[in-house]
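Containing mmCIF, C-alpha atoms: structure.cif.
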data_input
#
loop_
_atom_site.group_PDB
_atom_site.id
_atom_site.type_symbol
_atom_site.label_atom_id
_atom_site.label_comp_id
_atom_site.auth_asym_id
_atom_site.auth_seq_id
_atom_site.Cartn_x
_atom_site.Cartn_y
_atom_site.Cartn_z
ATOM 1 C CA ASP A 1 137.185 51.883 61.923
ATOM 2 C CA ALA A 2 136.203 54.535 59.405
ATOM 3 C CA GLY A 3 137.707 57.915 60.194
ATOM 4 C CA ILE A 4 134.673 60.035 61.007
ATOM 5 C CA THR A 5 134.579 62.667 63.699
ATOM 6 C CA GLN A 6 131.808 64.970 64.779
ATOM 7 C CA SER A 7 132.108 68.203 66.674
ATOM 8 C CA PRO A 8 131.019 69.257 69.133
ATOM 9 C CA ARG A 9 130.020 66.027 70.838
ATOM 10 C CA HIS A 10 127.658 67.819 73.202
ATOM 11 C CA LYS A 11 126.069 71.224 72.984
ATOM 12 C CA VAL A 12 123.470 73.140 74.923
ATOM 13 C CA THR A 13 122.075 76.222 73.252
ATOM 14 C CA GLU A 14 119.168 78.610 73.618
ATOM 15 C CA THR A 15 116.119 78.882 71.414
ATOM 16 C CA GLY A 16 116.666 81.219 68.505
ATOM 17 C CA THR A 17 120.449 80.932 68.310
ATOM 18 C CA PRO A 18 122.240 79.561 65.249
ATOM 19 C CA VAL A 19 124.142 76.299 65.666
ATOM 20 C CA THR A 20 126.604 74.570 63.353
ATOM 21 C CA LEU A 21 127.588 70.942 63.667
ATOM 22 C CA ARG A 22 130.612 69.604 61.852
ATOM 23 C CA CYS A 23 131.309 66.212 60.361
ATOM 24 C CA HIS A 24 134.843 65.432 59.245
ATOM 25 C CA GLN A 25 135.982 62.307 57.397
ATOM 26 C CA THR A 26 139.390 61.021 56.395
ATOM 27 C CA GLU A 27 138.099 58.284 54.058
ATOM 28 C CA ASN A 28 137.601 60.403 50.922
ATOM 29 C CA HIS A 29 134.056 59.026 50.592
ATOM 30 C CA ARG A 30 131.828 60.816 48.125
ATOM 31 C CA TYR A 31 128.525 60.548 49.969
ATOM 32 C CA MET A 32 127.821 62.151 53.329
ATOM 33 C CA TYR A 33 124.587 62.223 55.291
ATOM 34 C CA TRP A 34 123.103 63.920 58.330
ATOM 35 C CA TYR A 35 120.536 62.089 60.449
ATOM 36 C CA ARG A 36 118.716 62.834 63.651
ATOM 37 C CA GLN A 37 117.745 60.121 66.095
ATOM 38 C CA ASP A 38 114.817 60.532 68.445
ATOM 39 C CA PRO A 39 112.968 58.032 70.633
ATOM 40 C CA GLY A 40 110.024 56.595 68.764
ATOM 41 C CA HIS A 41 111.192 57.920 65.405
ATOM 42 C CA GLY A 42 114.315 55.934 64.689
ATOM 43 C CA LEU A 43 116.779 57.517 62.287
ATOM 44 C CA ARG A 44 115.553 60.293 60.024
ATOM 45 C CA LEU A 45 117.536 61.772 57.157
ATOM 46 C CA ILE A 46 117.963 65.546 57.258
ATOM 47 C CA HIS A 47 120.228 66.308 54.283
ATOM 48 C CA TYR A 48 122.798 64.483 52.251
ATOM 49 C CA SER A 49 125.636 65.269 49.868
ATOM 50 C CA TYR A 50 126.828 63.403 46.812
ATOM 51 C CA GLY A 51 129.902 65.532 46.177
ATOM 52 C CA VAL A 52 131.507 68.875 46.886
ATOM 53 C CA LYS A 53 128.821 71.560 46.682
ATOM 54 C CA ASP A 54 126.215 68.911 45.756
ATOM 55 C CA THR A 55 123.559 68.517 48.422
ATOM 56 C CA ASP A 56 119.914 67.563 48.640
ATOM 57 C CA LYS A 57 117.116 67.428 51.186
ATOM 58 C CA GLY A 58 116.026 64.478 53.239
ATOM 59 C CA GLU A 59 112.701 63.804 54.890
ATOM 60 C CA VAL A 60 113.090 66.302 57.774
ATOM 61 C CA SER A 61 115.038 69.193 56.246
ATOM 62 C CA ASP A 62 112.906 72.122 57.439
ATOM 63 C CA GLY A 63 114.923 74.402 59.726
ATOM 64 C CA TYR A 64 118.257 72.928 58.642
ATOM 65 C CA SER A 65 120.806 73.840 55.989
ATOM 66 C CA VAL A 66 124.044 72.177 54.955
ATOM 67 C CA SER A 67 127.235 72.989 53.164
ATOM 68 C CA ARG A 68 130.065 70.957 51.718
ATOM 69 C CA SER A 69 132.972 72.976 50.409
ATOM 70 C CA LYS A 70 135.526 70.161 50.778
ATOM 71 C CA THR A 71 135.245 66.416 50.374
ATOM 72 C CA GLU A 72 136.114 65.829 54.009
ATOM 73 C CA ASP A 73 133.749 68.273 55.712
ATOM 74 C CA PHE A 74 129.951 68.381 55.846
ATOM 75 C CA LEU A 75 128.380 71.092 57.985
ATOM 76 C CA LEU A 76 124.856 71.105 59.370
ATOM 77 C CA THR A 77 123.428 74.466 60.425
ATOM 78 C CA LEU A 78 120.341 75.150 62.470
ATOM 79 C CA GLU A 79 119.559 78.703 61.443
ATOM 80 C CA SER A 80 117.465 79.456 64.528
ATOM 81 C CA ALA A 81 117.374 76.564 66.953
ATOM 82 C CA THR A 82 114.047 75.414 68.393
ATOM 83 C CA SER A 83 113.276 72.983 71.208
ATOM 84 C CA SER A 84 111.965 70.482 68.656
ATOM 85 C CA GLN A 85 115.515 70.227 67.311
ATOM 86 C CA THR A 86 116.780 68.775 70.570
ATOM 87 C CA SER A 87 118.116 65.446 69.398
ATOM 88 C CA VAL A 88 121.149 63.301 68.741
ATOM 89 C CA TYR A 89 122.655 64.052 65.349
ATOM 90 C CA PHE A 90 124.659 61.501 63.397
ATOM 91 C CA CYS A 91 126.807 61.944 60.360
ATOM 92 C CA ALA A 92 127.380 59.021 58.010
ATOM 93 C CA ILE A 93 129.528 58.421 54.957
ATOM 94 C CA SER A 94 129.337 56.011 52.068
ATOM 95 C CA GLU A 95 131.304 55.155 48.966
ATOM 96 C CA PRO A 96 129.424 52.571 46.913
ATOM 97 C CA GLY A 97 131.617 49.895 45.408
ATOM 98 C CA THR A 98 134.581 50.149 47.763
ATOM 99 C CA SER A 99 134.079 46.657 49.227
ATOM 100 C CA GLY A 100 132.594 44.981 46.211
ATOM 101 C CA ARG A 101 129.679 45.416 43.884
ATOM 102 C CA TYR A 102 126.483 46.491 45.650
ATOM 103 C CA SER A 103 128.458 47.479 48.744
ATOM 104 C CA TYR A 104 126.293 50.365 49.862
ATOM 105 C CA GLU A 105 127.023 50.298 53.561
ATOM 106 C CA GLN A 106 127.278 53.456 55.619
ATOM 107 C CA TYR A 107 129.770 54.342 58.324
ATOM 108 C CA PHE A 108 128.592 56.503 61.178
ATOM 109 C CA GLY A 109 130.212 59.092 63.372
ATOM 110 C CA PRO A 110 129.889 59.055 67.180
ATOM 111 C CA GLY A 111 127.059 61.577 67.254
ATOM 112 C CA THR A 112 126.393 65.033 68.667
ATOM 113 C CA ARG A 113 123.896 65.442 71.472
ATOM 114 C CA LEU A 114 122.185 68.819 71.047
ATOM 115 C CA THR A 115 119.905 70.323 73.654
ATOM 116 C CA VAL A 116 117.934 73.456 72.848
ATOM 117 C CA THR A 117 116.575 75.182 75.948
ATOM 118 C CA GLY B 1 108.640 52.905 47.895
ATOM 119 C CA ASN B 2 110.973 50.981 50.169
ATOM 120 C CA SER B 3 110.180 49.966 53.725
ATOM 121 C CA VAL B 4 111.668 47.847 56.494
ATOM 122 C CA THR B 5 109.687 46.315 59.329
ATOM 123 C CA GLN B 6 111.370 45.050 62.462
ATOM 124 C CA MET B 7 109.910 43.313 65.448
ATOM 125 C CA GLU B 8 109.059 45.594 68.336
ATOM 126 C CA GLY B 9 111.329 45.490 71.330
ATOM 127 C CA PRO B 10 112.733 45.328 73.780
ATOM 128 C CA VAL B 11 113.823 41.742 73.467
ATOM 129 C CA THR B 12 114.981 40.468 76.851
ATOM 130 C CA LEU B 13 117.057 37.294 77.073
ATOM 131 C CA SER B 14 119.264 35.465 79.503
ATOM 132 C CA GLU B 15 122.910 34.964 78.660
ATOM 133 C CA GLU B 16 123.534 32.021 76.301
ATOM 134 C CA ALA B 17 119.975 32.099 74.960
ATOM 135 C CA PHE B 18 119.208 31.926 71.232
ATOM 136 C CA LEU B 19 118.392 35.211 69.547
ATOM 137 C CA THR B 20 116.158 35.951 66.590
ATOM 138 C CA ILE B 21 115.225 39.457 65.517
ATOM 139 C CA ASN B 22 112.806 39.487 62.614
ATOM 140 C CA CYS B 23 113.145 41.840 59.662
ATOM 141 C CA THR B 24 110.966 41.966 56.565
ATOM 142 C CA TYR B 25 111.158 44.433 53.720
ATOM 143 C CA THR B 26 109.502 45.787 50.633
ATOM 144 C CA ALA B 27 111.634 47.278 47.902
ATOM 145 C CA THR B 28 111.452 48.544 44.365
ATOM 146 C CA GLY B 29 114.343 46.958 42.615
ATOM 147 C CA TYR B 30 116.851 44.526 44.005
ATOM 148 C CA PRO B 31 118.094 45.641 47.417
ATOM 149 C CA SER B 32 121.228 45.021 49.402
ATOM 150 C CA LEU B 33 120.400 44.205 53.024
ATOM 151 C CA PHE B 34 122.175 45.190 56.214
ATOM 152 C CA TRP B 35 122.127 44.829 59.947
ATOM 153 C CA TYR B 36 123.615 47.628 62.016
ATOM 154 C CA VAL B 37 124.222 47.637 65.774
ATOM 155 C CA GLN B 38 124.228 50.639 68.076
ATOM 156 C CA TYR B 39 125.777 50.361 71.516
ATOM 157 C CA PRO B 40 124.764 52.893 74.184
ATOM 158 C CA GLY B 41 126.167 56.344 73.499
ATOM 159 C CA GLU B 42 127.655 55.395 70.138
ATOM 160 C CA GLY B 43 126.866 55.636 66.453
ATOM 161 C CA LEU B 44 125.620 52.760 64.353
ATOM 162 C CA GLN B 45 128.129 50.147 63.213
ATOM 163 C CA LEU B 46 127.737 47.765 60.324
ATOM 164 C CA LEU B 47 127.235 44.274 61.723
ATOM 165 C CA LEU B 48 126.707 42.256 58.552
ATOM 166 C CA LYS B 49 125.344 42.499 55.042
ATOM 167 C CA ALA B 50 124.080 40.450 52.104
ATOM 168 C CA THR B 51 123.848 41.640 48.541
ATOM 169 C CA LYS B 52 121.952 38.892 46.730
ATOM 170 C CA ALA B 53 119.337 36.234 47.340
ATOM 171 C CA ASP B 54 120.413 33.284 49.519
ATOM 172 C CA ASP B 55 123.579 35.082 50.644
ATOM 173 C CA LYS B 56 124.345 34.671 54.317
ATOM 174 C CA GLY B 57 126.006 37.530 56.109
ATOM 175 C CA SER B 58 127.860 36.740 59.307
ATOM 176 C CA ASN B 59 129.958 38.520 61.902
ATOM 177 C CA LYS B 60 130.730 38.117 65.618
ATOM 178 C CA GLY B 61 128.516 35.010 65.828
ATOM 179 C CA PHE B 62 125.530 36.787 64.251
ATOM 180 C CA GLU B 63 124.032 35.541 60.995
ATOM 181 C CA ALA B 64 121.311 36.612 58.592
ATOM 182 C CA THR B 65 120.204 35.061 55.295
ATOM 183 C CA TYR B 66 118.775 37.073 52.402
ATOM 184 C CA ARG B 67 115.447 35.384 51.646
ATOM 185 C CA LYS B 68 113.962 36.862 48.495
ATOM 186 C CA GLU B 69 110.938 34.575 48.463
ATOM 187 C CA THR B 70 109.833 35.743 51.913
ATOM 188 C CA THR B 71 111.418 39.231 51.658
ATOM 189 C CA SER B 72 113.118 38.661 54.979
ATOM 190 C CA PHE B 73 116.535 39.095 56.582
ATOM 191 C CA HIS B 74 116.201 37.801 60.130
ATOM 192 C CA LEU B 75 119.120 38.216 62.513
ATOM 193 C CA GLU B 76 120.165 35.206 64.609
ATOM 194 C CA LYS B 77 122.777 34.319 67.179
ATOM 195 C CA GLY B 78 123.119 30.978 68.861
ATOM 196 C CA SER B 79 124.284 32.158 72.277
ATOM 197 C CA VAL B 80 124.009 35.795 73.301
ATOM 198 C CA GLN B 81 126.244 37.542 75.790
ATOM 199 C CA VAL B 82 125.632 40.504 78.067
ATOM 200 C CA SER B 83 127.915 42.511 75.775
ATOM 201 C CA ASP B 84 125.439 42.010 72.900
ATOM 202 C CA SER B 85 122.988 44.330 74.640
ATOM 203 C CA ALA B 86 122.376 47.074 72.089
ATOM 204 C CA VAL B 87 119.884 48.340 69.526
ATOM 205 C CA TYR B 88 119.835 46.486 66.206
ATOM 206 C CA PHE B 89 118.707 48.099 62.953
ATOM 207 C CA CYS B 90 117.779 46.337 59.745
ATOM 208 C CA ALA B 91 118.263 48.368 56.569
ATOM 209 C CA LEU B 92 118.152 48.134 52.812
ATOM 210 C CA VAL B 93 119.646 50.077 49.934
ATOM 211 C CA THR B 94 118.691 49.837 46.303
ATOM 212 C CA SER B 95 121.115 50.790 43.559
ATOM 213 C CA GLY B 96 120.929 54.112 41.829
ATOM 214 C CA GLY B 97 119.987 57.475 43.232
ATOM 215 C CA SER B 98 122.056 58.595 46.191
ATOM 216 C CA TYR B 99 122.236 55.244 47.956
ATOM 217 C CA ILE B 100 120.025 56.411 50.770
ATOM 218 C CA PRO B 101 119.232 53.536 53.130
ATOM 219 C CA THR B 102 115.805 52.707 54.425
ATOM 220 C CA PHE B 103 116.128 51.792 58.103
ATOM 221 C CA GLY B 104 113.836 49.867 60.369
ATOM 222 C CA ARG B 105 112.876 51.446 63.686
ATOM 223 C CA GLY B 106 115.420 49.391 65.612
ATOM 224 C CA THR B 107 115.042 46.574 68.129
ATOM 225 C CA SER B 108 116.499 46.905 71.593
ATOM 226 C CA LEU B 109 118.150 43.747 72.956
ATOM 227 C CA ILE B 110 118.754 43.380 76.676
ATOM 228 C CA VAL B 111 120.767 40.381 77.844
ATOM 229 C CA HIS B 112 120.790 39.511 81.541
ATOM 230 C CA PRO B 113 123.582 37.509 83.219
#
Represent the structure contained in this file as structure tokens.
Amino acid sequence: DAGITQSPRHKVTETGTPVTLRCHQTENHRYMYWYRQDPGHGLRLIHYSYGVKDTDKGEVSDGYSVSRSKTEDFLLTLESATSSQTSVYFCAISEPGTSGRYSYEQYFGPGTRLTVT
Amino acid sequence: GNSVTQMEGPVTLSEEAFLTINCTYTATGYPSLFWYVQYPGEGLQLLLKATKADDKGSNKGFEATYRKETTSFHLEKGSVQVSDSAVYFCALVTSGGSYIPTFGRGTSLIVHP
């Protein structure tokens, strides 16, 4: 199994408070991604990173920011949490080419269940 | 752009039944294709993949064949078990860019004893 951990695994917070979720990997993969998963919406990409300090927006980036100061850590911050950000958040990693040409598979963390009250 | 269409679920089967979950795609470029599985309370796990036309990916009794002519990658298993109950996601990635996958919406499989 790929070494990916997420913390915290569960969090309940109040509307308007800042929240930071952490993704940590031990695989030295270059690419890291944050998704949210909601019933009826499947997986939606929030932000991704293609190297240290290199990040870009996904399809649902409003209200979220990210940082990657080390290869192994990718932080997702909700600047001011809202109830619409109640979701399950998944981190994923990828390193194209590690298992052969065109090997673009992702490896996912266990998820963080966030509830904003 | 890229898109993946999966059959709506849930799919409900009895143990030892044959499983097919349909997946069709549209892609710019030549995609690699994947099936991921998500068990309750867990993250997605790679189940199998295929990187070129006519390739067959297989794992844990599941199979899927990359059909370029029909732009399909249907997942099959000959005899499902209760432990196969999960959500299955079809996905594609095209080379270049930041290797961002396009996922289907997922198909829930429920297997009864």
- request: Check the smallest atom-to-atom distance from each of B:Asn22, B:Asn2, B:Thr70, B:Thr107 to chain A using all atoms listed in the file, then report the winner.
  value: B:Thr107
Within 12 Å of stretch 38-44 of chain A, which residues of stretch 27-87 of chain B come that close, and what is the closest atom pair and distance in Å for each? Count all atoms listed in the file and give it as a Markdown table.
| residue | atom | partner | partner_atom | distance |
| --- | --- | --- | --- | --- |
| B:Gln38 | CA | A:Leu43 | CA | 11.7 |
| B:Gly43 | CA | A:Leu43 | CA | 11.1 |
| B:Leu44 | CA | A:Leu43 | CA | 10.2 |
| B:Val87 | CA | A:Gly42 | CA | 10.6 |
Using only C-alpha atoms, find each residue of chain A with at least one atom at most 9 Å away from an atom of chain B; report its shortest atom-to-atom pair and that distance in Å (one decimal), sort the rows by chain and rising residue number, and return the result as CSV.
residue,atom,partner,partner_atom,distance
A:Tyr31,CA,B:Ser98,CA,7.7
A:Tyr33,CA,B:Ile100,CA,8.7
A:Gly40,CA,B:Arg105,CA,7.8
A:His41,CA,B:Arg105,CA,6.9
A:Gly42,CA,B:Arg105,CA,4.8
A:Leu43,CA,B:Phe103,CA,7.1
A:Arg44,CA,B:Phe103,CA,8.7
A:Leu45,CA,B:Ile100,CA,8.7
A:Tyr48,CA,B:Ser98,CA,8.5
A:Ser49,CA,B:Ser98,CA,8.4
A:Tyr50,CA,B:Ser98,CA,6.8
A:Phe90,CA,B:Gly43,CA,7.0
A:Cys91,CA,B:Gly43,CA,8.8
A:Ser94,CA,B:Tyr99,CA,8.2
A:Pro96,CA,B:Tyr99,CA,7.7
A:Arg101,CA,B:Thr51,CA,8.4
A:Tyr102,CA,B:Thr51,CA,6.2
A:Ser103,CA,B:Thr51,CA,7.4
A:Tyr104,CA,B:Tyr99,CA,6.6
A:Glu105,CA,B:Leu46,CA,7.3
A:Gln106,CA,B:Leu46,CA,7.4
A:Tyr107,CA,B:Gln45,CA,6.6
A:Phe108,CA,B:Gly43,CA,5.6
A:Gly109,CA,B:Gly43,CA,5.7
A:Pro110,CA,B:Gly43,CA,4.6
A:Gly111,CA,B:Gly43,CA,6.0
query: Do you know which residues the PyMOL selection byres ((chain A and resi 66) around 6) returns on this file, as a list of chain:residue names?
result: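 Given this file, the PyMOL selection byres ((chain A and resi 66) around 6) evaluates to A:Ser65, A:Ser67, A:Leu75, A:Leu76, A:Thr77.
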message: Translate the PyMOL selection byres ((chain B and resi 80) around 8) into a concrete residue list for this structure, as number ranges by chain.
response: B: 14-19, 77-79, 81-82, 84, 111
task: Step by step, work through what the PyMOL selection byres ((chain B and resi 1) around 7) selects in the shown file, and finish by giving those residues as a PyMOL selection string.
output: chain B and resi 2-3+27-28
message: Which residues are close to A:Ser83, i.e. within 10 Å by only C-alpha atoms, leaving aside same-chain residues fewer than 4 positions away? Reply as a PyMOL selection string.
response: chain A and resi 13-16+87+114-117
Atomic separation - atom CA of B:Leu109 relative to atom CA of B:Ala64, Å: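 Distance reported for this atom pair: 16.3 Å.
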Counting all atoms listed in the file, find residues at most 10 Å from (127.2, 75.1, 64.6) (file frame) and give them as a CSV table (one decimal) with C-alpha atoms, in the frame of the given file.
chain,number,residue,atom,x,y,z
A,7,SER,CA,132.1,68.2,66.7
A,8,PRO,CA,131.0,69.3,69.1
A,11,LYS,CA,126.1,71.2,73.0
A,17,THR,CA,120.4,80.9,68.3
A,18,PRO,CA,122.2,79.6,65.2
A,19,VAL,CA,124.1,76.3,65.7
A,20,THR,CA,126.6,74.6,63.4
A,21,LEU,CA,127.6,70.9,63.7
A,22,ARG,CA,130.6,69.6,61.9
A,75,LEU,CA,128.4,71.1,58.0
A,76,LEU,CA,124.9,71.1,59.4
A,77,THR,CA,123.4,74.5,60.4
A,78,LEU,CA,120.3,75.2,62.5
A,79,GLU,CA,119.6,78.7,61.4
Report, as JSON, the centre and edge lengths in Å (one decimal) of the axis-aligned box enclosing every listed atom of stretch 81-85 of chain B, padded by 6 Å on each side.
{"center_x": 125.5, "center_y": 40.9, "center_z": 75.5, "size_x": 16.9, "size_y": 18.8, "size_z": 17.2}
- line: note - atom CA of A:His47 and atom CA of A:Val12 are separated by 22.0 Å
- prompt: atom CA of A:Ile46 and atom CA of A:Val88 are how many Å apart?
  reply: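 Distance reported for this atom pair: 12.1 Å.
Counting all atoms listed in the file, B:Glu69 has the following residues at most 12 Å away, ignoring those fewer than 2 positions along the same chain: Thr24, Tyr25, Thr26, Lys52, Ala53, Asp54, Thr65, Tyr66, Arg67, Thr71, Ser72 and Phe73 of chain B.
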Proximity to B:Leu47 - best of B:Cys90, B:Val4, B:Ile21, B:Leu13, only C-alpha atoms: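 Going through B:Cys90, B:Val4, B:Ile21, B:Leu13 one by one, the smallest distance to B:Leu47 is for B:Cys90.
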Could you add N, CA and C atoms to stretch 50-63 of chain A and give me the result as an mmCIF file, in the frame of the given file?
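Resulting contents of out-v8.cif:
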data_model
loop_
_atom_site.group_PDB
_atom_site.id
_atom_site.type_symbol
_atom_site.label_atom_id
_atom_site.label_comp_id
_atom_site.auth_asym_id
_atom_site.auth_seq_id
_atom_site.Cartn_x
_atom_site.Cartn_y
_atom_site.Cartn_z
ATOM 1 N N TYR A 50 126.259 64.386 47.733
ATOM 2 C CA TYR A 50 126.828 63.403 46.812
ATOM 3 C C TYR A 50 128.084 63.937 46.117
ATOM 4 N N GLY A 51 128.655 64.981 46.670
ATOM 5 C CA GLY A 51 129.902 65.532 46.177
ATOM 6 C C GLY A 51 130.068 66.948 46.699
ATOM 7 N N VAL A 52 131.252 67.506 46.448
ATOM 8 C CA VAL A 52 131.507 68.875 46.886
ATOM 9 C C VAL A 52 130.485 69.804 46.244
ATOM 10 N N LYS A 53 129.852 70.596 47.067
ATOM 11 C CA LYS A 53 128.821 71.560 46.682
ATOM 12 C C LYS A 53 127.533 70.930 46.160
ATOM 13 N N ASP A 54 127.425 69.608 46.206
ATOM 14 C CA ASP A 54 126.215 68.911 45.756
ATOM 15 C C ASP A 54 125.482 68.356 46.960
ATOM 16 N N THR A 55 124.329 68.961 47.265
ATOM 17 C CA THR A 55 123.559 68.517 48.422
ATOM 18 C C THR A 55 122.091 68.421 48.049
ATOM 19 N N ASP A 56 121.348 67.698 48.875
ATOM 20 C CA ASP A 56 119.914 67.563 48.640
ATOM 21 C C ASP A 56 119.219 67.320 49.969
ATOM 22 N N LYS A 57 117.886 67.536 49.962
ATOM 23 C CA LYS A 57 117.116 67.428 51.186
ATOM 24 C C LYS A 57 116.717 65.998 51.479
ATOM 25 N N GLY A 58 116.594 65.733 52.785
ATOM 26 C CA GLY A 58 116.026 64.478 53.239
ATOM 27 C C GLY A 58 114.596 64.683 53.694
ATOM 28 N N GLU A 59 114.112 63.764 54.514
ATOM 29 C CA GLU A 59 112.701 63.804 54.890
ATOM 30 C C GLU A 59 112.370 64.844 55.947
ATOM 31 N N VAL A 60 113.371 65.343 56.701
ATOM 32 C CA VAL A 60 113.090 66.302 57.774
ATOM 33 C C VAL A 60 114.034 67.490 57.658
ATOM 34 N N SER A 61 114.055 68.144 56.513
ATOM 35 C CA SER A 61 115.038 69.193 56.246
ATOM 36 C C SER A 61 114.618 70.585 56.724
ATOM 37 N N ASP A 62 113.353 70.783 57.037
ATOM 38 C CA ASP A 62 112.906 72.122 57.439
ATOM 39 C C ASP A 62 113.650 72.601 58.678
ATOM 40 N N GLY A 63 114.198 73.823 58.605
ATOM 41 C CA GLY A 63 114.923 74.402 59.726
ATOM 42 C C GLY A 63 116.405 74.078 59.735
#
